[in-house]
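As provided, entry.cif (mmCIF, C-alpha atoms and all ligand atoms) reads as follows.
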data_target
#
loop_
_atom_site.label_atom_id
_atom_site.label_comp_id
_atom_site.auth_asym_id
_atom_site.auth_seq_id
_atom_site.Cartn_x
_atom_site.Cartn_y
_atom_site.Cartn_z
CA MET Y 1 126.58 115.82 108.06
CA SER Y 2 124.16 118.59 108.94
CA GLU Y 3 123.82 119.56 112.62
CA LYS Y 4 120.20 120.35 111.82
CA PHE Y 5 119.21 116.80 110.84
CA ASP Y 6 116.84 115.45 113.47
CA LEU Y 7 116.21 111.72 113.04
CA LYS Y 8 113.06 111.67 115.17
CA GLN Y 9 111.63 114.57 113.20
CA ALA Y 10 112.51 112.80 109.95
CA PHE Y 11 110.18 109.92 110.87
CA ASN Y 12 107.46 112.15 112.33
CA VAL Y 13 104.04 111.67 110.73
CA GLU Y 14 102.04 113.17 113.58
CA GLY Y 15 98.88 114.94 112.44
CA LEU Y 16 99.17 113.89 108.78
CA SER Y 17 95.81 113.13 107.21
CA THR Y 18 96.25 109.67 105.74
CA LEU Y 19 93.86 107.64 103.61
CA VAL Y 20 94.34 103.90 103.05
CA THR Y 21 92.42 101.72 100.58
CA GLY Y 22 91.82 98.06 101.40
CA ALA Y 23 92.51 98.94 105.03
CA ALA Y 24 90.35 96.33 106.78
CA SER Y 25 92.84 93.49 106.37
CA GLY Y 26 96.44 92.51 105.72
CA LEU Y 27 98.91 95.07 104.40
CA GLY Y 28 96.39 97.93 104.23
CA LEU Y 29 95.54 97.40 107.86
CA ALA Y 30 99.26 97.38 108.72
CA TYR Y 31 99.74 100.72 106.89
CA ALA Y 32 96.73 102.24 108.67
CA GLU Y 33 97.90 100.90 112.01
CA VAL Y 34 101.47 102.19 111.84
CA MET Y 35 100.33 105.63 110.71
CA ALA Y 36 97.64 105.82 113.41
CA ASP Y 37 99.99 104.54 116.13
CA MET Y 38 102.53 107.19 115.12
CA GLY Y 39 99.97 109.99 115.50
CA ALA Y 40 98.56 110.44 112.00
CA LYS Y 41 94.83 111.01 111.44
CA VAL Y 42 93.77 108.02 109.42
CA THR Y 43 90.78 107.34 107.17
CA LEU Y 44 90.51 103.59 106.74
CA THR Y 45 88.56 102.59 103.62
CA ASP Y 46 87.48 99.17 102.42
CA ILE Y 47 84.81 97.44 100.34
CA ASN Y 48 83.88 95.26 103.33
CA PRO Y 49 81.88 97.35 105.84
CA ASP Y 50 81.90 94.80 108.67
CA THR Y 51 85.63 94.13 108.93
CA LEU Y 52 86.26 97.83 108.32
CA GLN Y 53 84.14 98.87 111.29
CA GLN Y 54 85.80 96.27 113.52
CA GLN Y 55 89.27 97.62 112.71
CA VAL Y 56 88.25 101.27 113.08
CA ASP Y 57 86.73 100.47 116.50
CA ARG Y 58 89.83 98.53 117.56
CA LEU Y 59 92.19 101.40 116.66
CA ALA Y 60 89.89 104.06 118.16
CA ALA Y 61 89.74 102.05 121.41
CA ARG Y 62 93.49 102.36 121.81
CA GLY Y 63 93.38 106.13 121.38
CA CYS Y 64 94.12 106.54 117.67
CA THR Y 65 92.49 109.26 115.56
CA VAL Y 66 90.70 107.19 112.94
CA ARG Y 67 87.55 107.12 110.86
CA GLY Y 68 86.13 104.57 108.45
CA ALA Y 69 84.55 104.92 104.99
CA VAL Y 70 83.20 102.18 102.77
CA LEU Y 71 84.97 102.39 99.41
CA ASP Y 72 85.11 100.09 96.42
CA VAL Y 73 88.22 101.31 94.59
CA THR Y 74 86.65 100.46 91.23
CA ASN Y 75 83.81 102.94 91.88
CA ARG Y 76 84.97 106.41 90.80
CA GLU Y 77 81.98 108.33 92.15
CA GLN Y 78 82.33 106.74 95.55
CA MET Y 79 86.08 107.42 95.44
CA ALA Y 80 85.53 111.16 94.84
CA GLN Y 81 82.98 111.33 97.67
CA VAL Y 82 85.18 109.46 100.17
CA PHE Y 83 88.18 111.70 99.43
CA LYS Y 84 86.02 114.79 99.84
CA GLU Y 85 84.72 113.57 103.20
CA ALA Y 86 88.24 112.70 104.40
CA ASN Y 87 89.46 116.17 103.40
CA ASP Y 88 86.49 117.78 105.16
CA ALA Y 89 87.01 115.70 108.30
CA TYR Y 90 90.78 116.14 108.72
CA GLY Y 91 91.44 119.36 106.78
CA SER Y 92 93.75 117.94 104.11
CA ILE Y 93 94.89 114.77 102.36
CA ASP Y 94 98.61 114.37 103.06
CA VAL Y 95 99.38 110.69 102.58
CA VAL Y 96 97.53 108.10 100.50
CA PHE Y 97 98.16 104.37 100.38
CA ALA Y 98 96.70 102.95 97.13
CA ASN Y 99 96.69 99.41 98.40
CA ALA Y 100 93.48 97.49 97.70
CA GLY Y 101 93.98 94.57 95.36
CA ILE Y 102 92.79 91.06 94.66
CA ASP Y 103 94.07 87.69 93.53
CA VAL Y 104 92.21 86.10 90.65
CA GLY Y 105 94.00 82.69 90.69
CA PRO Y 106 94.74 79.95 89.88
CA GLY Y 107 98.24 79.80 88.40
CA PHE Y 108 99.26 77.49 85.55
CA LEU Y 109 101.22 75.34 88.03
CA THR Y 110 99.92 73.76 91.23
CA VAL Y 111 101.88 74.10 94.46
CA GLU Y 112 103.21 70.58 93.67
CA ASP Y 113 104.71 72.06 90.48
CA GLU Y 114 102.30 70.20 88.23
CA ARG Y 115 100.44 71.73 85.29
CA ASN Y 116 97.11 73.21 86.29
CA PRO Y 117 94.79 73.36 83.26
CA ALA Y 118 92.42 75.75 85.10
CA GLY Y 119 95.19 78.36 85.14
CA GLU Y 120 96.36 77.92 81.53
CA ILE Y 121 95.67 80.83 79.22
CA GLU Y 122 92.82 79.29 77.21
CA ASN Y 123 90.94 78.74 80.47
CA VAL Y 124 91.57 82.15 82.01
CA SER Y 125 88.16 83.76 81.69
CA ASP Y 126 87.71 87.19 80.15
CA GLU Y 127 85.83 88.07 83.33
CA ALA Y 128 88.85 87.18 85.52
CA TRP Y 129 91.15 89.23 83.29
CA ASP Y 130 88.84 92.28 83.37
CA ARG Y 131 88.31 91.95 87.10
CA SER Y 132 92.06 91.87 87.79
CA ILE Y 133 92.86 94.86 85.58
CA ASN Y 134 90.00 96.81 87.10
CA ALA Y 135 90.62 95.99 90.77
CA ASN Y 136 94.45 95.94 90.65
CA LEU Y 137 95.43 98.55 88.04
CA THR Y 138 92.54 100.87 87.13
CA SER Y 139 91.82 101.16 90.86
CA VAL Y 140 95.29 102.66 91.41
CA PHE Y 141 94.74 105.14 88.57
CA ASN Y 142 91.43 106.09 90.24
CA THR Y 143 93.09 106.53 93.63
CA ILE Y 144 96.03 108.61 92.36
CA LYS Y 145 93.64 110.87 90.45
CA ALA Y 146 91.47 111.43 93.52
CA ALA Y 147 94.52 112.11 95.73
CA VAL Y 148 96.17 114.59 93.37
CA LYS Y 149 93.06 116.77 93.39
CA TYR Y 150 93.76 117.58 97.06
CA MET Y 151 97.57 117.42 97.06
CA LYS Y 152 98.32 119.66 94.06
CA PRO Y 153 96.72 122.86 95.42
CA LYS Y 154 98.67 122.61 98.68
CA GLY Y 155 101.92 121.68 96.90
CA SER Y 156 102.71 118.52 98.87
CA GLY Y 157 101.75 114.93 99.35
CA ARG Y 158 102.91 111.33 99.47
CA ILE Y 159 101.34 108.47 97.55
CA ILE Y 160 102.42 104.91 98.32
CA VAL Y 161 101.18 102.16 96.06
CA THR Y 162 101.23 98.44 96.80
CA SER Y 163 102.58 96.65 93.73
CA SER Y 164 104.08 93.17 94.16
CA ASN Y 165 107.21 91.21 93.36
CA ALA Y 166 104.86 89.88 90.65
CA ALA Y 167 105.47 93.24 88.98
CA ILE Y 168 109.07 92.15 88.40
CA ILE Y 169 109.16 88.34 88.26
CA CYS Y 170 106.63 85.80 87.06
CA GLU Y 171 105.06 83.37 89.50
CA PRO Y 172 103.50 80.25 87.93
CA ILE Y 173 101.49 79.37 91.05
CA VAL Y 174 99.68 82.74 90.95
CA GLY Y 175 97.01 83.55 88.36
CA THR Y 176 98.23 85.14 85.11
CA PRO Y 177 95.91 88.22 85.15
CA TYR Y 178 97.58 89.41 88.37
CA MET Y 179 101.08 89.73 86.81
CA PRO Y 180 100.54 92.42 84.13
CA ALA Y 181 98.18 94.35 86.41
CA LYS Y 182 100.93 94.70 89.02
CA ALA Y 183 103.61 95.45 86.39
CA GLY Y 184 101.28 98.18 85.10
CA VAL Y 185 100.95 99.58 88.60
CA ALA Y 186 104.74 99.79 88.94
CA HIS Y 187 105.12 101.64 85.64
CA LEU Y 188 102.22 103.96 86.40
CA VAL Y 189 104.07 104.94 89.60
CA ARG Y 190 107.22 105.79 87.61
CA GLN Y 191 105.32 107.97 85.10
CA MET Y 192 103.44 109.72 87.92
CA ALA Y 193 106.69 110.38 89.80
CA LEU Y 194 107.99 112.31 86.80
CA GLU Y 195 104.79 114.29 86.41
CA LEU Y 196 103.98 115.08 90.03
CA ALA Y 197 107.39 116.00 91.50
CA LYS Y 198 106.92 119.55 90.22
CA TYR Y 199 103.90 119.87 92.52
CA GLY Y 200 105.68 118.58 95.64
CA ILE Y 201 104.02 115.16 95.41
CA GLN Y 202 106.20 112.07 95.78
CA ILE Y 203 104.95 108.65 94.72
CA ASN Y 204 106.59 105.28 95.33
CA ALA Y 205 105.68 101.62 95.18
CA ILE Y 206 106.14 98.87 97.73
CA ALA Y 207 106.66 95.47 96.09
CA PRO Y 208 105.96 92.79 98.70
CA GLY Y 209 106.77 89.11 98.43
CA ALA Y 210 104.58 86.65 100.32
CA PHE Y 211 102.89 88.10 103.42
CA MET Y 212 100.45 86.27 105.66
CA THR Y 213 97.19 88.07 104.86
CA ASN Y 214 93.71 87.12 103.67
CA ILE Y 215 94.55 87.47 99.98
CA ALA Y 216 93.44 84.60 97.73
CA GLY Y 217 90.98 83.45 100.36
CA GLY Y 218 93.80 83.27 102.90
CA ARG Y 219 95.68 80.60 100.89
CA LEU Y 220 98.93 81.39 102.69
CA LYS Y 221 97.34 80.16 105.93
CA ASN Y 222 97.07 76.72 104.32
CA ALA Y 223 100.27 74.77 105.21
CA GLU Y 224 100.78 73.26 101.74
CA ASP Y 225 100.39 76.58 99.93
CA ARG Y 226 102.58 78.35 102.46
CA LYS Y 227 105.36 75.78 102.00
CA ALA Y 228 105.42 76.47 98.23
CA PHE Y 229 106.27 80.10 99.00
CA GLU Y 230 108.61 79.30 101.92
CA VAL Y 231 110.86 77.04 99.83
CA ARG Y 232 111.39 79.90 97.38
CA ASN Y 233 112.57 82.20 100.17
CA PRO Y 234 116.15 82.35 101.54
CA LEU Y 235 114.79 83.21 105.00
CA GLY Y 236 112.63 80.08 104.76
CA ARG Y 237 109.44 81.81 105.79
CA ILE Y 238 106.78 84.23 104.66
CA ALA Y 239 106.34 87.61 106.37
CA THR Y 240 103.80 88.95 108.85
CA PRO Y 241 101.98 92.23 108.00
CA ASP Y 242 103.81 93.96 110.89
CA GLU Y 243 107.04 93.53 108.91
CA ILE Y 244 105.88 96.07 106.30
CA LYS Y 245 105.26 98.85 108.82
CA GLY Y 246 108.83 100.22 108.94
CA LEU Y 247 108.96 100.68 105.17
CA ALA Y 248 105.48 102.22 105.10
CA LEU Y 249 106.44 104.74 107.78
CA TYR Y 250 109.67 105.56 105.94
CA LEU Y 251 107.87 106.25 102.64
CA ALA Y 252 105.17 108.35 104.33
CA SER Y 253 107.59 110.48 106.35
CA PRO Y 254 110.17 113.22 105.62
CA ALA Y 255 112.90 110.55 106.06
CA SER Y 256 112.30 109.50 102.43
CA SER Y 257 112.46 113.07 101.07
CA TYR Y 258 114.70 112.03 98.13
CA VAL Y 259 112.89 108.80 97.23
CA ASN Y 260 110.64 109.25 94.21
CA GLY Y 261 109.34 106.81 91.60
CA ALA Y 262 111.03 103.92 93.35
CA GLN Y 263 109.72 100.41 93.70
CA ILE Y 264 111.08 99.00 96.94
CA VAL Y 265 111.07 95.21 97.15
CA ILE Y 266 110.33 93.65 100.53
CA ASP Y 267 110.41 89.90 99.98
CA GLY Y 268 113.11 88.43 102.23
CA GLY Y 269 115.33 87.94 99.18
CA THR Y 270 112.97 85.68 97.21
CA MET Y 271 113.88 87.29 93.89
CA LEU Y 272 117.61 86.67 94.29
CA GLY Y 273 117.31 83.00 93.43
CA GLN Y 274 116.74 79.76 95.28
CA VAL Y 275 118.95 78.19 97.94
CA ASP Y 276 118.64 74.61 99.29
N1 LIG Y 301 99.85 89.25 100.82
C1 LIG Y 301 100.78 89.14 99.91
O1 LIG Y 301 101.56 88.19 99.91
C2 LIG Y 301 100.94 90.22 98.85
C3 LIG Y 301 102.08 90.19 98.05
C4 LIG Y 301 102.24 91.17 97.08
C5 LIG Y 301 101.30 92.15 96.92
N2 LIG Y 301 100.18 92.15 97.73
C6 LIG Y 301 99.21 93.23 97.51
O2 LIG Y 301 98.91 93.82 98.76
C7 LIG Y 301 97.65 94.46 98.67
C8 LIG Y 301 96.83 94.09 99.90
O3 LIG Y 301 96.55 92.71 99.87
P1 LIG Y 301 96.57 91.81 101.18
O4 LIG Y 301 97.54 90.72 100.94
O5 LIG Y 301 96.69 92.65 102.38
O6 LIG Y 301 95.12 91.14 101.05
P2 LIG Y 301 93.87 91.08 102.03
O7 LIG Y 301 92.86 90.29 101.26
O8 LIG Y 301 94.27 90.61 103.38
O9 LIG Y 301 93.39 92.59 102.13
C9 LIG Y 301 92.85 93.25 101.02
C10 LIG Y 301 91.74 94.19 101.48
O10 LIG Y 301 91.27 94.87 100.31
C11 LIG Y 301 89.86 94.86 100.31
N3 LIG Y 301 89.36 94.95 98.93
C12 LIG Y 301 89.29 94.00 97.99
N4 LIG Y 301 88.74 94.49 96.86
C13 LIG Y 301 88.48 95.81 97.11
C14 LIG Y 301 87.92 96.85 96.35
N5 LIG Y 301 87.48 96.65 95.08
N6 LIG Y 301 87.81 98.07 96.91
C15 LIG Y 301 88.24 98.29 98.16
N7 LIG Y 301 88.75 97.33 98.95
C16 LIG Y 301 88.88 96.09 98.42
C17 LIG Y 301 89.45 93.57 100.99
O11 LIG Y 301 88.13 93.65 101.53
C18 LIG Y 301 90.53 93.45 102.07
O12 LIG Y 301 90.14 94.05 103.28
C19 LIG Y 301 97.03 94.01 97.34
O13 LIG Y 301 97.20 95.02 96.37
C20 LIG Y 301 97.86 92.80 96.97
O14 LIG Y 301 97.88 92.56 95.58
C21 LIG Y 301 99.99 91.21 98.68
#

Would you mind writing the file's structure down as structure tokens?
Ligand SMILES: NC(=O)c1ccc[n+]([C@@H]2O[C@H](COP(=O)([O-])OP(=O)(O)OC[C@H]3O[C@@H](n4cnc5c(N)ncnc54)[C@H](O)[C@@H]3O)[C@@H](O)[C@H]2O)c1
Amino acid sequence: MSEKFDLKQAFNVEGLSTLVTGAASGLGLAYAEVMADMGAKVTLTDINPDTLQQQVDRLAARGCTVRGAVLDVTNREQMAQVFKEANDAYGSIDVVFANAGIDVGPGFLTVEDERNPAGEIENVSDEAWDRSINANLTSVFNTIKAAVKYMKPKGSGRIIVTSSNAAIICEPIVGTPYMPAKAGVAHLVRQMALELAKYGIQINAIAPGAFMTNIAGGRLKNAEDRKAFEVRNPLGRIATPDEIKGLALYLASPASSYVNGAQIVIDGGTMLGQVD
């Protein structure tokens, strides 16, 4: 054990310029909040200007260094502009959370485990497929590309991507176009980890299970839908967004200096199998 290892320093993210996509709600807001509360300078971005402004104001009111920028992650021009402004405002881009994503439901089973024709493949619209790939996968490609432009010249950076346990297992009560988009995200992270390590950039994925957010129109706030996820979970519950903050801080900080190309599952054990 090295006498020089300082645990507090290992988790120190003070002053790091951090940009989060989809930061006005749910997991993105949790990432932005933990970074801002720990002293990072955070650019919150989101497609929804109203909720974005509310969250920026809330964090600023408690003394955090934050700014907001409207960003649709499928819009490459806007992405380039928002990254440029964040770099101008805070002097660098050190940490990026590529987080924004959408559900395009329904699944081929209902929460009562019955067949749901609306979610069966012949009824999945081409529009839903394209929208999922664009908002969940191409968006992450766009975000990584924008981030690398600022991280490569300075020889350092952290990129944290929100995948899903849907990148690893299939979930019949979630819409089919979501699954391959998230699996693609996970593999993109692995390829990028190989390529970018040489430039001091580390990239990892967080694969959450069910968290109580506004995804899918807030379906997890509906008791029946929530129960369908709770019964699949050994802890018997779904998670709150606060429960992702420790992992987010770890992956953004020097504490995870040897973690690269990983996909870290945070799902209360859902993928291990079912218990009665
Ligand atoms: N909540 C879960 O159970 C869960 C599980 C696994 C993975 N995820 C992933 O977590 C990420 C965050 O989802 P969440 O659950 O916090 O949902 P959420 O709906 O609460 O938050 C998503 C945010 O992204 C924004 N957004 C949507 N489309 C956008 C776009 N094109 N450009 C920019 N912003 C956009 C929304 O306005 C919203 O503020 C997503 O990638 C999602 O797939 C969530």

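Nearest residue to Phe11 in chain Y, choosing from Y:Asn99, Y:Ser156, Y:Ser257, Y:Asn204 and counting only C-alpha atoms: Y:Ser257.
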
- Item | Protein and nucleic residues near ligand LIG 301 (chain Y), 7 Å, all atoms listed in the file, as a VMD selection string | chain Y and resid 21 to 28 45 to 48 71 to 74 99 to 103 135 to 136 162 to 165 207 to 216

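Counting all atoms listed in the file and comparing Y:Phe5, Y:Phe83, Y:Phe97, Y:Tyr178, the residue that lies closest to Ile133 in chain Y is Y:Tyr178.
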
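Pairwise distance (CA of Pro117 in chain Y, CA of Asn233 in chain Y) equals 26.1 Å.
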
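Between CA of Ala146 in chain Y and CA of Asp57 in chain Y the interatomic distance comes to 25.9 Å.
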
- Counting all atoms listed in the file, what is within 9 Å of Arg67 in chain Y, bar same-chain residues fewer than 6 positions away, as a list in words? Lys41, Val42, Thr43, Leu44, Thr45, Gln53, Val56, Asp57, Ala60, Ala86 and Ala89 of chain Y

File dump, residues just selected, C-alpha atoms, as a CSV table (one decimal), in the frame of the given file:
chain,number,residue,atom,x,y,z
Y,41,LYS,CA,94.8,111.0,111.4
Y,42,VAL,CA,93.8,108.0,109.4
Y,43,THR,CA,90.8,107.3,107.2
Y,44,LEU,CA,90.5,103.6,106.7
Y,45,THR,CA,88.6,102.6,103.6
Y,53,GLN,CA,84.1,98.9,111.3
Y,56,VAL,CA,88.2,101.3,113.1
Y,57,ASP,CA,86.7,100.5,116.5
Y,60,ALA,CA,89.9,104.1,118.2
Y,86,ALA,CA,88.2,112.7,104.4
Y,89,ALA,CA,87.0,115.7,108.3

Provide range 117-128 of chain Y rebuilt to all heavy atoms, formatted as a PDB file, keeping the file's coordinate frame.
ATOM      1  N   PRO Y 117      95.531  72.894  84.452  1.00  0.00           N
ATOM      2  CA  PRO Y 117      94.790  73.360  83.260  1.00  0.00           C
ATOM      3  C   PRO Y 117      93.897  74.564  83.567  1.00  0.00           C
ATOM      4  O   PRO Y 117      93.754  75.459  82.721  1.00  0.00           O
ATOM      5  CB  PRO Y 117      93.947  72.138  82.879  1.00  0.00           C
ATOM      6  CG  PRO Y 117      94.685  70.975  83.461  1.00  0.00           C
ATOM      7  CD  PRO Y 117      95.338  71.470  84.722  1.00  0.00           C
ATOM      8  N   ALA Y 118      93.335  74.637  84.758  1.00  0.00           N
ATOM      9  CA  ALA Y 118      92.420  75.750  85.100  1.00  0.00           C
ATOM     10  C   ALA Y 118      93.127  77.098  85.019  1.00  0.00           C
ATOM     11  O   ALA Y 118      92.479  78.133  84.825  1.00  0.00           O
ATOM     12  CB  ALA Y 118      91.846  75.535  86.485  1.00  0.00           C
ATOM     13  N   GLY Y 119      94.457  77.099  85.171  1.00  0.00           N
ATOM     14  CA  GLY Y 119      95.190  78.360  85.140  1.00  0.00           C
ATOM     15  C   GLY Y 119      95.855  78.639  83.811  1.00  0.00           C
ATOM     16  O   GLY Y 119      96.548  79.648  83.648  1.00  0.00           O
ATOM     17  N   GLU Y 120      95.720  77.707  82.843  1.00  0.00           N
ATOM     18  CA  GLU Y 120      96.360  77.920  81.530  1.00  0.00           C
ATOM     19  C   GLU Y 120      95.534  78.918  80.704  1.00  0.00           C
ATOM     20  O   GLU Y 120      94.318  79.011  80.853  1.00  0.00           O
ATOM     21  CB  GLU Y 120      96.545  76.581  80.814  1.00  0.00           C
ATOM     22  CG  GLU Y 120      97.595  75.747  81.560  1.00  0.00           C
ATOM     23  CD  GLU Y 120      98.050  74.504  80.819  1.00  0.00           C
ATOM     24  OE1 GLU Y 120      97.189  73.764  80.285  1.00  0.00           O
ATOM     25  OE2 GLU Y 120      99.265  74.260  80.771  1.00  0.00           O
ATOM     26  N   ILE Y 121      96.225  79.617  79.834  1.00  0.00           N
ATOM     27  CA  ILE Y 121      95.670  80.830  79.220  1.00  0.00           C
ATOM     28  C   ILE Y 121      94.300  80.626  78.567  1.00  0.00           C
ATOM     29  O   ILE Y 121      93.410  81.474  78.698  1.00  0.00           O
ATOM     30  CB  ILE Y 121      96.692  81.467  78.223  1.00  0.00           C
ATOM     31  CG1 ILE Y 121      96.222  82.841  77.758  1.00  0.00           C
ATOM     32  CG2 ILE Y 121      97.001  80.570  77.041  1.00  0.00           C
ATOM     33  CD1 ILE Y 121      96.231  83.911  78.805  1.00  0.00           C
ATOM     34  N   GLU Y 122      94.117  79.465  77.896  1.00  0.00           N
ATOM     35  CA  GLU Y 122      92.820  79.290  77.210  1.00  0.00           C
ATOM     36  C   GLU Y 122      91.663  79.142  78.193  1.00  0.00           C
ATOM     37  O   GLU Y 122      90.503  79.299  77.817  1.00  0.00           O
ATOM     38  CB  GLU Y 122      92.861  78.120  76.214  1.00  0.00           C
ATOM     39  CG  GLU Y 122      93.170  76.759  76.791  1.00  0.00           C
ATOM     40  CD  GLU Y 122      94.660  76.462  76.828  1.00  0.00           C
ATOM     41  OE1 GLU Y 122      95.452  77.343  77.224  1.00  0.00           O
ATOM     42  OE2 GLU Y 122      95.026  75.323  76.491  1.00  0.00           O
ATOM     43  N   ASN Y 123      92.004  78.875  79.471  1.00  0.00           N
ATOM     44  CA  ASN Y 123      90.940  78.740  80.470  1.00  0.00           C
ATOM     45  C   ASN Y 123      90.845  79.936  81.422  1.00  0.00           C
ATOM     46  O   ASN Y 123      90.031  79.935  82.342  1.00  0.00           O
ATOM     47  CB  ASN Y 123      91.155  77.447  81.282  1.00  0.00           C
ATOM     48  CG  ASN Y 123      91.025  76.224  80.398  1.00  0.00           C
ATOM     49  OD1 ASN Y 123      90.151  76.194  79.528  1.00  0.00           O
ATOM     50  ND2 ASN Y 123      91.899  75.252  80.576  1.00  0.00           N
ATOM     51  N   VAL Y 124      91.715  80.920  81.228  1.00  0.00           N
ATOM     52  CA  VAL Y 124      91.570  82.150  82.010  1.00  0.00           C
ATOM     53  C   VAL Y 124      90.387  82.916  81.428  1.00  0.00           C
ATOM     54  O   VAL Y 124      90.398  83.281  80.249  1.00  0.00           O
ATOM     55  CB  VAL Y 124      92.859  83.018  81.939  1.00  0.00           C
ATOM     56  CG1 VAL Y 124      92.636  84.359  82.625  1.00  0.00           C
ATOM     57  CG2 VAL Y 124      94.041  82.275  82.564  1.00  0.00           C
ATOM     58  N   SER Y 125      89.371  83.138  82.234  1.00  0.00           N
ATOM     59  CA  SER Y 125      88.160  83.760  81.690  1.00  0.00           C
ATOM     60  C   SER Y 125      88.381  85.244  81.410  1.00  0.00           C
ATOM     61  O   SER Y 125      89.194  85.908  82.070  1.00  0.00           O
ATOM     62  CB  SER Y 125      86.986  83.578  82.656  1.00  0.00           C
ATOM     63  OG  SER Y 125      87.184  84.378  83.810  1.00  0.00           O
ATOM     64  N   ASP Y 126      87.653  85.751  80.447  1.00  0.00           N
ATOM     65  CA  ASP Y 126      87.710  87.190  80.150  1.00  0.00           C
ATOM     66  C   ASP Y 126      87.276  87.980  81.382  1.00  0.00           C
ATOM     67  O   ASP Y 126      87.815  89.054  81.661  1.00  0.00           O
ATOM     68  CB  ASP Y 126      86.766  87.535  78.982  1.00  0.00           C
ATOM     69  CG  ASP Y 126      87.189  86.843  77.686  1.00  0.00           C
ATOM     70  OD1 ASP Y 126      88.351  86.373  77.615  1.00  0.00           O
ATOM     71  OD2 ASP Y 126      86.358  86.768  76.768  1.00  0.00           O
ATOM     72  N   GLU Y 127      86.351  87.410  82.115  1.00  0.00           N
ATOM     73  CA  GLU Y 127      85.830  88.070  83.330  1.00  0.00           C
ATOM     74  C   GLU Y 127      86.954  88.201  84.378  1.00  0.00           C
ATOM     75  O   GLU Y 127      87.124  89.253  84.986  1.00  0.00           O
ATOM     76  CB  GLU Y 127      84.641  87.259  83.867  1.00  0.00           C
ATOM     77  CG  GLU Y 127      83.943  87.856  85.069  1.00  0.00           C
ATOM     78  CD  GLU Y 127      84.611  87.519  86.399  1.00  0.00           C
ATOM     79  OE1 GLU Y 127      85.244  86.453  86.518  1.00  0.00           O
ATOM     80  OE2 GLU Y 127      84.515  88.352  87.322  1.00  0.00           O
ATOM     81  N   ALA Y 128      87.756  87.140  84.535  1.00  0.00           N
ATOM     82  CA  ALA Y 128      88.850  87.180  85.520  1.00  0.00           C
ATOM     83  C   ALA Y 128      89.894  88.220  85.107  1.00  0.00           C
ATOM     84  O   ALA Y 128      90.424  88.967  85.935  1.00  0.00           O
ATOM     85  CB  ALA Y 128      89.485  85.804  85.662  1.00  0.00           C
TER      86      ALA Y 128
END
